[in-house]
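Listing of data_15.cif, mmCIF, C-alpha atoms
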data_data
loop_
_atom_site.group_PDB
_atom_site.id
_atom_site.type_symbol
_atom_site.label_atom_id
_atom_site.label_comp_id
_atom_site.auth_asym_id
_atom_site.auth_seq_id
_atom_site.Cartn_x
_atom_site.Cartn_y
_atom_site.Cartn_z
ATOM 1 C CA MET A 1 -34.232 46.526 9.838
ATOM 2 C CA SER A 2 -33.398 46.372 13.558
ATOM 3 C CA THR A 3 -29.990 45.298 14.780
ATOM 4 C CA SER A 4 -31.208 41.940 16.097
ATOM 5 C CA GLU A 5 -32.872 41.172 12.765
ATOM 6 C CA SER A 6 -29.737 41.927 10.804
ATOM 7 C CA VAL A 7 -27.644 39.796 13.172
ATOM 8 C CA GLN A 8 -30.119 36.947 12.653
ATOM 9 C CA ALA A 9 -29.931 37.383 8.883
ATOM 10 C CA VAL A 10 -26.135 37.185 8.977
ATOM 11 C CA ALA A 11 -26.315 34.099 11.200
ATOM 12 C CA VAL A 12 -28.716 32.317 8.831
ATOM 13 C CA GLU A 13 -26.534 33.214 5.884
ATOM 14 C CA HIS A 14 -23.532 31.832 7.745
ATOM 15 C CA ILE A 15 -25.285 28.527 8.492
ATOM 16 C CA GLU A 16 -26.232 28.134 4.852
ATOM 17 C CA GLU A 17 -22.711 28.772 3.636
ATOM 18 C CA HIS A 18 -20.874 26.741 6.204
ATOM 19 C CA VAL A 19 -20.256 23.059 5.577
ATOM 20 C CA ASN A 20 -19.467 21.559 8.927
ATOM 21 C CA ARG A 21 -16.712 19.225 7.919
ATOM 22 C CA ASP A 22 -13.006 19.298 7.309
ATOM 23 C CA ASP A 23 -11.810 16.903 4.649
ATOM 24 C CA ILE A 24 -8.181 17.969 4.900
ATOM 25 C CA ARG A 25 -8.060 16.986 8.588
ATOM 26 C CA SER A 26 -9.967 13.790 7.800
ATOM 27 C CA ARG A 27 -7.276 12.841 5.314
ATOM 28 C CA MET A 28 -4.590 13.856 7.806
ATOM 29 C CA GLY A 29 -6.186 11.524 10.383
ATOM 30 C CA MET A 30 -6.020 8.708 7.841
ATOM 31 C CA TRP A 31 -2.359 9.463 7.132
ATOM 32 C CA LEU A 32 -1.596 9.369 10.865
ATOM 33 C CA PHE A 33 -3.146 5.905 10.983
ATOM 34 C CA LEU A 34 -1.052 4.914 7.960
ATOM 35 C CA PHE A 35 2.095 6.006 9.856
ATOM 36 C CA SER A 36 1.217 3.517 12.603
ATOM 37 C CA GLU A 37 0.954 0.879 9.874
ATOM 38 C CA LEU A 38 4.353 1.989 8.587
ATOM 39 C CA LEU A 39 5.797 1.388 12.073
ATOM 40 C CA LEU A 40 4.134 -2.027 12.287
ATOM 41 C CA PHE A 41 5.532 -3.220 8.965
ATOM 42 C CA GLY A 42 8.736 -1.184 9.381
ATOM 43 C CA GLY A 43 9.603 -3.218 12.469
ATOM 44 C CA LEU A 44 9.026 -6.440 10.560
ATOM 45 C CA PHE A 45 11.149 -5.221 7.636
ATOM 46 C CA ILE A 46 13.960 -4.379 10.067
ATOM 47 C CA MET A 47 13.750 -7.884 11.528
ATOM 48 C CA TYR A 48 13.761 -9.355 8.004
ATOM 49 C CA SER A 49 16.804 -7.343 6.914
ATOM 50 C CA VAL A 50 18.881 -8.381 9.935
ATOM 51 C CA TYR A 51 18.058 -12.096 9.568
ATOM 52 C CA ARG A 52 18.679 -11.960 5.827
ATOM 53 C CA TYR A 53 22.016 -10.257 6.468
ATOM 54 C CA LEU A 54 22.973 -13.015 8.908
ATOM 55 C CA HIS A 55 21.701 -15.931 6.750
ATOM 56 C CA GLN A 56 22.165 -14.819 3.137
ATOM 57 C CA THR A 57 22.664 -18.268 1.572
ATOM 58 C CA ASP A 58 19.790 -19.898 3.484
ATOM 59 C CA PHE A 59 17.414 -17.083 2.463
ATOM 60 C CA SER A 60 18.424 -17.536 -1.153
ATOM 61 C CA ILE A 61 17.870 -21.330 -1.033
ATOM 62 C CA ALA A 62 14.522 -21.019 0.792
ATOM 63 C CA SER A 63 13.214 -18.370 -1.641
ATOM 64 C CA LYS A 64 13.685 -20.860 -4.514
ATOM 65 C CA GLU A 65 10.587 -22.622 -3.103
ATOM 66 C CA MET A 66 8.487 -19.577 -4.004
ATOM 67 C CA ASN A 67 6.416 -19.456 -7.162
ATOM 68 C CA THR A 68 7.805 -16.353 -8.880
ATOM 69 C CA TYR A 69 5.106 -16.406 -11.578
ATOM 70 C CA LEU A 70 2.273 -16.328 -9.042
ATOM 71 C CA GLY A 71 4.134 -13.626 -7.110
ATOM 72 C CA THR A 72 4.531 -11.476 -10.230
ATOM 73 C CA LEU A 73 0.896 -12.080 -11.183
ATOM 74 C CA ASN A 74 -0.201 -11.011 -7.702
ATOM 75 C CA THR A 75 1.896 -7.838 -7.995
ATOM 76 C CA VAL A 76 0.203 -6.991 -11.300
ATOM 77 C CA ILE A 77 -3.233 -7.724 -9.779
ATOM 78 C CA LEU A 78 -2.601 -5.474 -6.768
ATOM 79 C CA LEU A 79 -1.167 -2.633 -8.883
ATOM 80 C CA THR A 80 -4.211 -2.852 -11.167
ATOM 81 C CA SER A 81 -6.530 -2.742 -8.148
ATOM 82 C CA SER A 82 -4.732 0.421 -7.006
ATOM 83 C CA LEU A 83 -5.368 1.944 -10.422
ATOM 84 C CA THR A 84 -9.083 1.078 -10.350
ATOM 85 C CA MET A 85 -9.367 2.483 -6.794
ATOM 86 C CA ALA A 86 -7.747 5.777 -7.866
ATOM 87 C CA LEU A 87 -10.047 5.858 -10.909
ATOM 88 C CA ALA A 88 -13.104 5.127 -8.707
ATOM 89 C CA ILE A 89 -12.344 8.293 -6.688
ATOM 90 C CA ASN A 90 -11.707 10.241 -9.879
ATOM 91 C CA ALA A 91 -15.004 9.058 -11.385
ATOM 92 C CA MET A 92 -16.806 10.130 -8.189
ATOM 93 C CA GLN A 93 -15.167 13.581 -8.406
ATOM 94 C CA ARG A 94 -16.586 13.871 -11.906
ATOM 95 C CA GLY A 95 -20.034 12.807 -10.721
ATOM 96 C CA LYS A 96 -19.976 9.458 -12.544
ATOM 97 C CA LYS A 97 -21.613 7.349 -9.838
ATOM 98 C CA GLY A 98 -22.181 4.238 -11.983
ATOM 99 C CA LEU A 99 -18.575 4.121 -13.161
ATOM 100 C CA SER A 100 -17.326 4.628 -9.601
ATOM 101 C CA ILE A 101 -19.486 1.716 -8.365
ATOM 102 C CA PHE A 102 -18.132 -0.525 -11.134
ATOM 103 C CA LEU A 103 -14.517 0.422 -10.374
ATOM 104 C CA GLN A 104 -14.946 -0.122 -6.626
ATOM 105 C CA ALA A 105 -16.468 -3.564 -7.272
ATOM 106 C CA PHE A 106 -13.580 -4.356 -9.647
ATOM 107 C CA THR A 107 -11.072 -3.348 -6.928
ATOM 108 C CA ILE A 108 -12.713 -5.791 -4.472
ATOM 109 C CA LEU A 109 -12.579 -8.546 -7.126
ATOM 110 C CA CYS A 110 -8.847 -7.893 -7.633
ATOM 111 C CA GLY A 111 -8.354 -8.248 -3.873
ATOM 112 C CA ALA A 112 -10.242 -11.556 -3.985
ATOM 113 C CA ALA A 113 -8.080 -12.778 -6.904
ATOM 114 C CA PHE A 114 -4.964 -11.847 -4.903
ATOM 115 C CA MET A 115 -6.208 -13.860 -1.916
ATOM 116 C CA ILE A 116 -7.093 -16.882 -4.102
ATOM 117 C CA ASN A 117 -3.517 -16.888 -5.437
ATOM 118 C CA LYS A 118 -2.273 -16.719 -1.848
ATOM 119 C CA VAL A 119 -4.378 -19.775 -0.945
ATOM 120 C CA ILE A 120 -2.877 -21.664 -3.926
ATOM 121 C CA GLU A 121 0.657 -20.677 -2.877
ATOM 122 C CA TRP A 122 0.193 -21.497 0.790
ATOM 123 C CA SER A 123 -1.489 -24.859 0.018
ATOM 124 C CA HIS A 124 1.559 -25.715 -2.092
ATOM 125 C CA GLU A 125 3.955 -24.722 0.719
ATOM 126 C CA PHE A 126 1.929 -26.707 3.257
ATOM 127 C CA ALA A 127 1.979 -29.759 0.959
ATOM 128 C CA GLU A 128 5.774 -29.436 0.743
ATOM 129 C CA GLY A 129 5.956 -29.352 4.528
ATOM 130 C CA ASN A 130 7.196 -25.771 4.688
ATOM 131 C CA TYR A 131 4.863 -24.619 7.426
ATOM 132 C CA PRO A 132 5.589 -23.464 10.971
ATOM 133 C CA GLY A 133 5.931 -26.414 13.344
ATOM 134 C CA SER A 134 6.373 -29.085 10.657
ATOM 135 C CA ALA A 135 9.066 -31.720 11.164
ATOM 136 C CA ILE A 136 10.336 -31.231 7.574
ATOM 137 C CA LEU A 137 10.910 -27.515 8.137
ATOM 138 C CA ALA A 138 12.388 -28.056 11.607
ATOM 139 C CA ALA A 139 15.062 -30.301 10.041
ATOM 140 C CA LYS A 140 16.208 -27.479 7.729
ATOM 141 C CA PRO A 141 19.006 -25.009 8.575
ATOM 142 C CA LYS A 142 18.141 -22.154 10.967
ATOM 143 C CA GLY A 143 18.220 -19.482 8.239
ATOM 144 C CA GLN A 144 15.581 -21.300 6.183
ATOM 145 C CA ILE A 145 13.330 -21.735 9.214
ATOM 146 C CA LEU A 146 13.669 -17.987 9.846
ATOM 147 C CA TYR A 147 12.855 -17.239 6.199
ATOM 148 C CA PHE A 148 9.605 -19.207 6.347
ATOM 149 C CA GLY A 149 8.739 -17.748 9.760
ATOM 150 C CA LEU A 150 9.134 -14.240 8.359
ATOM 151 C CA TYR A 151 7.353 -15.208 5.135
ATOM 152 C CA TYR A 152 4.253 -16.444 6.960
ATOM 153 C CA SER A 153 4.127 -13.572 9.444
ATOM 154 C CA MET A 154 4.801 -10.712 6.992
ATOM 155 C CA VAL A 155 2.891 -12.017 3.964
ATOM 156 C CA GLY A 156 0.151 -13.272 6.307
ATOM 157 C CA LEU A 157 -0.196 -9.885 8.011
ATOM 158 C CA HIS A 158 -0.272 -8.264 4.584
ATOM 159 C CA GLY A 159 -2.974 -10.713 3.468
ATOM 160 C CA LEU A 160 -4.990 -9.747 6.537
ATOM 161 C CA HIS A 161 -4.663 -6.111 5.429
ATOM 162 C CA VAL A 162 -5.937 -7.036 1.954
ATOM 163 C CA LEU A 163 -9.003 -8.672 3.572
ATOM 164 C CA VAL A 164 -9.605 -5.593 5.758
ATOM 165 C CA GLY A 165 -9.165 -3.324 2.711
ATOM 166 C CA MET A 166 -11.692 -5.395 0.731
ATOM 167 C CA THR A 167 -14.188 -5.116 3.615
ATOM 168 C CA VAL A 168 -13.675 -1.333 3.877
ATOM 169 C CA ILE A 169 -14.162 -0.878 0.113
ATOM 170 C CA ALA A 170 -17.286 -3.089 0.276
ATOM 171 C CA PHE A 171 -18.694 -0.627 2.862
ATOM 172 C CA MET A 172 -17.782 2.281 0.558
ATOM 173 C CA LEU A 173 -19.585 0.504 -2.279
ATOM 174 C CA VAL A 174 -22.754 0.312 -0.163
ATOM 175 C CA PHE A 175 -22.340 3.987 0.882
ATOM 176 C CA THR A 176 -21.980 4.990 -2.778
ATOM 177 C CA ILE A 177 -25.070 3.013 -3.833
ATOM 178 C CA ARG A 178 -27.087 4.539 -0.950
ATOM 179 C CA GLY A 179 -25.929 8.040 -1.863
ATOM 180 C CA LYS A 180 -23.865 8.618 1.298
ATOM 181 C CA ILE A 181 -20.794 9.215 -0.860
ATOM 182 C CA THR A 182 -21.431 11.983 -3.378
ATOM 183 C CA PRO A 183 -19.333 14.078 -5.812
ATOM 184 C CA ASP A 184 -19.316 16.805 -3.109
ATOM 185 C CA ASN A 185 -18.537 14.518 -0.188
ATOM 186 C CA TYR A 186 -16.297 11.581 -0.984
ATOM 187 C CA VAL A 187 -13.683 11.820 1.774
ATOM 188 C CA LYS A 188 -14.626 8.330 3.086
ATOM 189 C CA LEU A 189 -13.839 6.860 -0.319
ATOM 190 C CA GLU A 190 -10.532 8.758 -0.385
ATOM 191 C CA ALA A 191 -9.561 7.422 3.049
ATOM 192 C CA ALA A 192 -10.382 3.864 1.919
ATOM 193 C CA GLY A 193 -8.265 4.507 -1.178
ATOM 194 C CA LEU A 194 -5.296 5.691 0.927
ATOM 195 C CA TYR A 195 -5.469 2.475 2.964
ATOM 196 C CA TRP A 196 -5.648 0.334 -0.183
ATOM 197 C CA HIS A 197 -2.666 2.101 -1.751
ATOM 198 C CA LEU A 198 -0.610 1.606 1.431
ATOM 199 C CA VAL A 199 -1.373 -2.124 1.295
ATOM 200 C CA ASP A 200 -0.151 -1.991 -2.319
ATOM 201 C CA ILE A 201 3.097 -0.217 -1.328
ATOM 202 C CA ILE A 202 3.814 -2.847 1.350
ATOM 203 C CA TRP A 203 3.418 -5.579 -1.281
ATOM 204 C CA ILE A 204 5.732 -3.645 -3.646
ATOM 205 C CA PHE A 205 8.478 -4.260 -1.043
ATOM 206 C CA LEU A 206 7.417 -7.761 0.047
ATOM 207 C CA PHE A 207 7.482 -9.089 -3.533
ATOM 208 C CA PRO A 208 11.205 -8.598 -4.333
ATOM 209 C CA LEU A 209 12.253 -9.381 -0.749
ATOM 210 C CA PHE A 210 10.595 -12.817 -0.618
ATOM 211 C CA TYR A 211 10.303 -13.928 -4.251
ATOM 212 C CA LEU A 212 13.315 -12.451 -6.007
ATOM 213 C CA ILE A 213 16.364 -13.299 -3.925
ATOM 214 C CA THR A 214 19.278 -14.156 -6.189
ATOM 215 C CA MET B 1 -20.790 26.593 -2.526
ATOM 216 C CA GLU B 2 -17.310 28.083 -2.229
ATOM 217 C CA ASN B 3 -16.890 26.196 0.999
ATOM 218 C CA ILE B 4 -17.572 22.840 -0.665
ATOM 219 C CA LYS B 5 -15.068 23.583 -3.402
ATOM 220 C CA GLU B 6 -12.386 24.133 -0.769
ATOM 221 C CA HIS B 7 -12.960 20.625 0.528
ATOM 222 C CA THR B 8 -12.568 18.841 -2.781
ATOM 223 C CA GLN B 9 -9.318 18.420 -4.677
ATOM 224 C CA GLN B 10 -8.808 19.156 -8.323
ATOM 225 C CA THR B 11 -9.323 16.132 -10.550
ATOM 226 C CA HIS B 12 -6.535 14.538 -12.559
ATOM 227 C CA SER B 13 -7.200 13.024 -15.961
ATOM 228 C CA TYR B 14 -7.893 9.290 -16.298
ATOM 229 C CA GLY B 15 -4.983 9.126 -18.751
ATOM 230 C CA LEU B 16 -2.440 10.183 -16.144
ATOM 231 C CA TYR B 17 -3.506 7.349 -13.836
ATOM 232 C CA ILE B 18 -3.260 4.820 -16.655
ATOM 233 C CA LEU B 19 0.241 6.106 -17.535
ATOM 234 C CA VAL B 20 1.338 5.697 -13.894
ATOM 235 C CA TRP B 21 -0.118 2.163 -13.892
ATOM 236 C CA LEU B 22 1.784 1.314 -17.094
ATOM 237 C CA ALA B 23 5.007 2.599 -15.504
ATOM 238 C CA LEU B 24 4.336 0.461 -12.388
ATOM 239 C CA ILE B 25 3.722 -2.677 -14.493
ATOM 240 C CA THR B 26 6.868 -2.019 -16.549
ATOM 241 C CA LEU B 27 8.939 -1.615 -13.376
ATOM 242 C CA THR B 28 7.480 -4.883 -12.012
ATOM 243 C CA GLY B 29 8.531 -6.664 -15.211
ATOM 244 C CA LEU B 30 11.949 -5.047 -14.980
ATOM 245 C CA THR B 31 12.497 -6.107 -11.379
ATOM 246 C CA ALA B 32 11.488 -9.725 -12.234
ATOM 247 C CA VAL B 33 13.848 -9.822 -15.256
ATOM 248 C CA ILE B 34 16.748 -8.250 -13.342
ATOM 249 C CA ALA B 35 16.323 -10.852 -10.570
ATOM 250 C CA GLY B 36 17.090 -13.497 -13.217
ATOM 251 C CA ILE B 37 20.453 -11.887 -13.936
ATOM 252 C CA ASN B 38 22.937 -12.227 -11.109
ATOM 253 C CA PHE B 39 24.332 -8.841 -10.198
ATOM 254 C CA GLY B 40 25.747 -10.249 -6.982
ATOM 255 C CA LYS B 41 25.578 -7.769 -4.151
ATOM 256 C CA LEU B 42 23.990 -5.151 -6.439
ATOM 257 C CA SER B 43 20.852 -7.294 -7.004
ATOM 258 C CA ILE B 44 19.234 -6.341 -3.695
ATOM 259 C CA ALA B 45 20.141 -2.662 -4.198
ATOM 260 C CA VAL B 46 18.530 -2.636 -7.664
ATOM 261 C CA ALA B 47 15.398 -4.437 -6.352
ATOM 262 C CA ILE B 48 15.026 -1.929 -3.490
ATOM 263 C CA LEU B 49 15.656 1.026 -5.808
ATOM 264 C CA ILE B 50 12.878 -0.128 -8.174
ATOM 265 C CA ALA B 51 10.534 -0.695 -5.184
ATOM 266 C CA VAL B 52 11.284 2.847 -3.961
ATOM 267 C CA ILE B 53 10.519 4.322 -7.413
ATOM 268 C CA LYS B 54 7.240 2.363 -7.546
ATOM 269 C CA SER B 55 6.269 3.511 -4.040
ATOM 270 C CA TYR B 56 7.081 7.107 -4.973
ATOM 271 C CA LEU B 57 4.735 6.881 -7.973
ATOM 272 C CA VAL B 58 1.930 5.382 -5.845
ATOM 273 C CA LEU B 59 2.422 8.010 -3.109
ATOM 274 C CA THR B 60 2.531 11.063 -5.363
ATOM 275 C CA GLU B 61 -0.033 10.109 -8.003
ATOM 276 C CA PHE B 62 -2.462 7.511 -6.601
ATOM 277 C CA MET B 63 -2.397 8.866 -3.030
ATOM 278 C CA HIS B 64 -2.492 12.474 -4.328
ATOM 279 C CA LEU B 65 0.485 13.550 -2.260
ATOM 280 C CA LYS B 66 1.497 15.831 -5.121
ATOM 281 C CA SER B 67 -1.552 18.037 -4.567
ATOM 282 C CA GLU B 68 -1.537 17.897 -0.753
ATOM 283 C CA SER B 69 -0.229 20.760 1.391
ATOM 284 C CA ARG B 70 3.353 21.065 2.629
ATOM 285 C CA THR B 71 2.293 19.918 6.097
ATOM 286 C CA PHE B 72 1.364 16.477 4.715
ATOM 287 C CA LYS B 73 4.628 16.195 2.828
ATOM 288 C CA ALA B 74 6.596 17.170 5.943
ATOM 289 C CA PHE B 75 4.721 14.540 8.018
ATOM 290 C CA ILE B 76 5.486 11.807 5.521
ATOM 291 C CA PHE B 77 9.099 12.874 5.154
ATOM 292 C CA VAL B 78 9.576 12.722 8.941
ATOM 293 C CA ALA B 79 7.914 9.273 9.162
ATOM 294 C CA ILE B 80 10.103 7.799 6.413
ATOM 295 C CA PHE B 81 13.198 9.600 7.716
ATOM 296 C CA PHE B 82 12.927 7.992 11.155
ATOM 297 C CA LEU B 83 12.424 4.559 9.612
ATOM 298 C CA ALA B 84 15.592 5.171 7.571
ATOM 299 C CA VAL B 85 17.424 6.231 10.760
ATOM 300 C CA ALA B 86 16.351 2.980 12.448
ATOM 301 C CA PHE B 87 17.704 0.939 9.510
ATOM 302 C CA THR B 88 20.963 2.883 9.340
ATOM 303 C CA LEU B 89 21.712 2.644 13.073
ATOM 304 C CA LEU B 90 20.853 -1.043 13.114
ATOM 305 C CA PHE B 91 23.141 -1.869 10.196
ATOM 306 C CA SER B 92 26.003 0.254 11.463
ATOM 307 C CA ASP B 93 25.772 -1.978 14.532
ATOM 308 C CA TYR B 94 25.360 -5.369 12.794
ATOM 309 C CA SER B 95 27.907 -4.838 10.030
ATOM 310 C CA SER B 96 30.530 -4.048 12.685
ATOM 311 C CA PHE B 97 30.389 -7.402 14.482
ATOM 312 C CA VAL B 98 29.190 -9.903 11.882
ATOM 313 C CA GLY B 99 32.018 -12.034 10.626
ATOM 314 C CA LYS B 100 34.121 -11.530 13.727
#
File written out as structure tokens:
Amino acid sequence: MSTSESVQAVAVEHIEEHVNRDDIRSRMGMWLFLFSELLLFGGLFIMYSVYRYLHQTDFSIASKEMNTYLGTLNTVILLTSSLTMALAINAMQRGKKGLSIFLQAFTILCGAAFMINKVIEWSHEFAEGNYPGSAILAAKPKGQILYFGLYYSMVGLHGLHVLVGMTVIAFMLVFTIRGKITPDNYVKLEAAGLYWHLVDIIWIFLFPLFYLIT
Amino acid sequence: MENIKEHTQQTHSYGLYILVWLALITLTGLTAVIAGINFGKLSIAVAILIAVIKSYLVLTEFMHLKSESRTFKAFIFVAIFFLAVAFTLLFSDYSSFVGK
């Protein structure tokens, strides 16, 4: 075997062995994006904490308008959706494509149930006149107006994230069905899962801060 | 094939995930019940503490932080640390002039 032939053989062998992707860095990229989300919501949480500190009684009175049962139910729904998302990735790791598809679809359905509950809650608040710009709300003390302003912006932004998460998982579902996500290459599904879990963590904090003020 | 194995993480059991979920649901129930009892100023501290425990469980188990490298953990620590610094500085400022 000549030198050039052996070099070629080594090169071919190298191409066959090498998988040109880096899942660890892909996940790191997703985490970096999640940090920007942390800053986005972190700023809002800082604003919330200062206004609550300044208007403790008003925040307590305004939070009585919230439906604690629906809030708790929504927390359970979102936590369950996080479980099914984690299980969907796990099922994919084990090569159980059908189970993974079912779990991803279930996660999207949980997101939809969460949003339906939000529509019920917001319709109720709007009927009561507790919406930005309403004369009924404008007549209330400043602290209560601030509470509802923060409630609509923070919970609304979170709801937007739930919708985005549902869309992303829907894409993953299509990728899984088409065989683009496989037991050997599921980093896209993992990234979608990280996003969904972050949305869950944000709700974990929003729930006690808006629904459970004593 | 070795290369592919390096890219994938080891799998946890389904049971572990379900246990974590049960813990999260229990803590949600706990936080709702505790909110019904008036602990005064402690109420918010207890609610935040439970939320932190829940987030920790989601981060380590569901988001697989437990099996990620030290670099990831350091990144996340730094991100949360600076958020905590922002909160601390802000409140050291506000608590000093509110009520005056």
Target residues per the PyMOL selection byres ((chain B) within 6 of (chain A)), formatted as a list in words: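 That expression, the PyMOL selection byres ((chain B) within 6 of (chain A)), corresponds here to His7, Ala35, Ala51, Ser55, Phe62 and Met63 of chain B.
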Selected residue, from B:Val46, B:Tyr56, B:Leu22, B:Ser13, that lies nearest to Ile34 in chain B when counting only C-alpha atoms: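 Looking only at the distances to Ile34 in chain B, the closest residue turns out to be B:Val46.
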Atom-to-atom span, CA of His124 in chain A and CA of Ala47 in chain B, Å: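 Between CA of His124 in chain A and CA of Ala47 in chain B the gap works out to 25.7 Å.
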Pairwise distance for CA of Leu44 in chain A and CA of Met154 in chain A, rounded to one decimal in Å: 7.0 Å
Need to verify the contact set: range 167-172 of chain A, 9 Å, all atoms listed in the file, exclusion of same-chain residues closer than 3 positions in sequence. Can you return it as an mmCIF file with C-alpha atoms, in the coordinates of the input?
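And here is the file that came out, out-v6.cif:
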data_model
loop_
_atom_site.group_PDB
_atom_site.id
_atom_site.type_symbol
_atom_site.label_atom_id
_atom_site.label_comp_id
_atom_site.auth_asym_id
_atom_site.auth_seq_id
_atom_site.Cartn_x
_atom_site.Cartn_y
_atom_site.Cartn_z
ATOM 1 C CA GLN A 104 -14.946 -0.122 -6.626
ATOM 2 C CA ALA A 105 -16.468 -3.564 -7.272
ATOM 3 C CA THR A 107 -11.072 -3.348 -6.928
ATOM 4 C CA ILE A 108 -12.713 -5.791 -4.472
ATOM 5 C CA VAL A 162 -5.937 -7.036 1.954
ATOM 6 C CA LEU A 163 -9.003 -8.672 3.572
ATOM 7 C CA VAL A 164 -9.605 -5.593 5.758
ATOM 8 C CA PHE A 175 -22.340 3.987 0.882
ATOM 9 C CA THR A 176 -21.980 4.990 -2.778
ATOM 10 C CA ILE A 177 -25.070 3.013 -3.833
ATOM 11 C CA LYS A 180 -23.865 8.618 1.298
ATOM 12 C CA ILE A 181 -20.794 9.215 -0.860
ATOM 13 C CA LYS A 188 -14.626 8.330 3.086
ATOM 14 C CA LEU A 189 -13.839 6.860 -0.319
ATOM 15 C CA ALA A 192 -10.382 3.864 1.919
ATOM 16 C CA GLY A 193 -8.265 4.507 -1.178
ATOM 17 C CA TRP A 196 -5.648 0.334 -0.183
#
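Minimum distance to Gly143 in chain A across A:Met66, A:Leu78, A:Ile61, A:Cys110 (counting only C-alpha atoms) occurs at A:Ile61.
Interatomic distance, CA of Lys96 in chain A against CA of Leu173 in chain A: 13.6 Å.
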Neighbours of point (8.7, -26.4, 7.3) within 12 Å, using all atoms listed in the file, written as JSON, numbers by chain: {"A": [62, 65, 122, 124, 125, 126, 127, 128, 129, 130, 131, 132, 133, 134, 135, 136, 137, 138, 139, 140, 141, 142, 143, 144, 145, 146, 147, 148, 149, 151, 152]}
Option closest in space to Thr182 in chain A, from A:Ser63, A:Ser26, A:Ser100, A:Ser153 [counting all atoms listed in the file]: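 Smallest distance to Thr182 in chain A is found for A:Ser100.
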Axis-aligned box over every listed atom of range 121-138 of chain A, padded by 8 Å per side: centre and edges in Å to one decimal, as JSON?
{"center_x": 5.4, "center_y": -26.2, "center_z": 5.2, "size_x": 29.9, "size_y": 27.0, "size_z": 32.2}
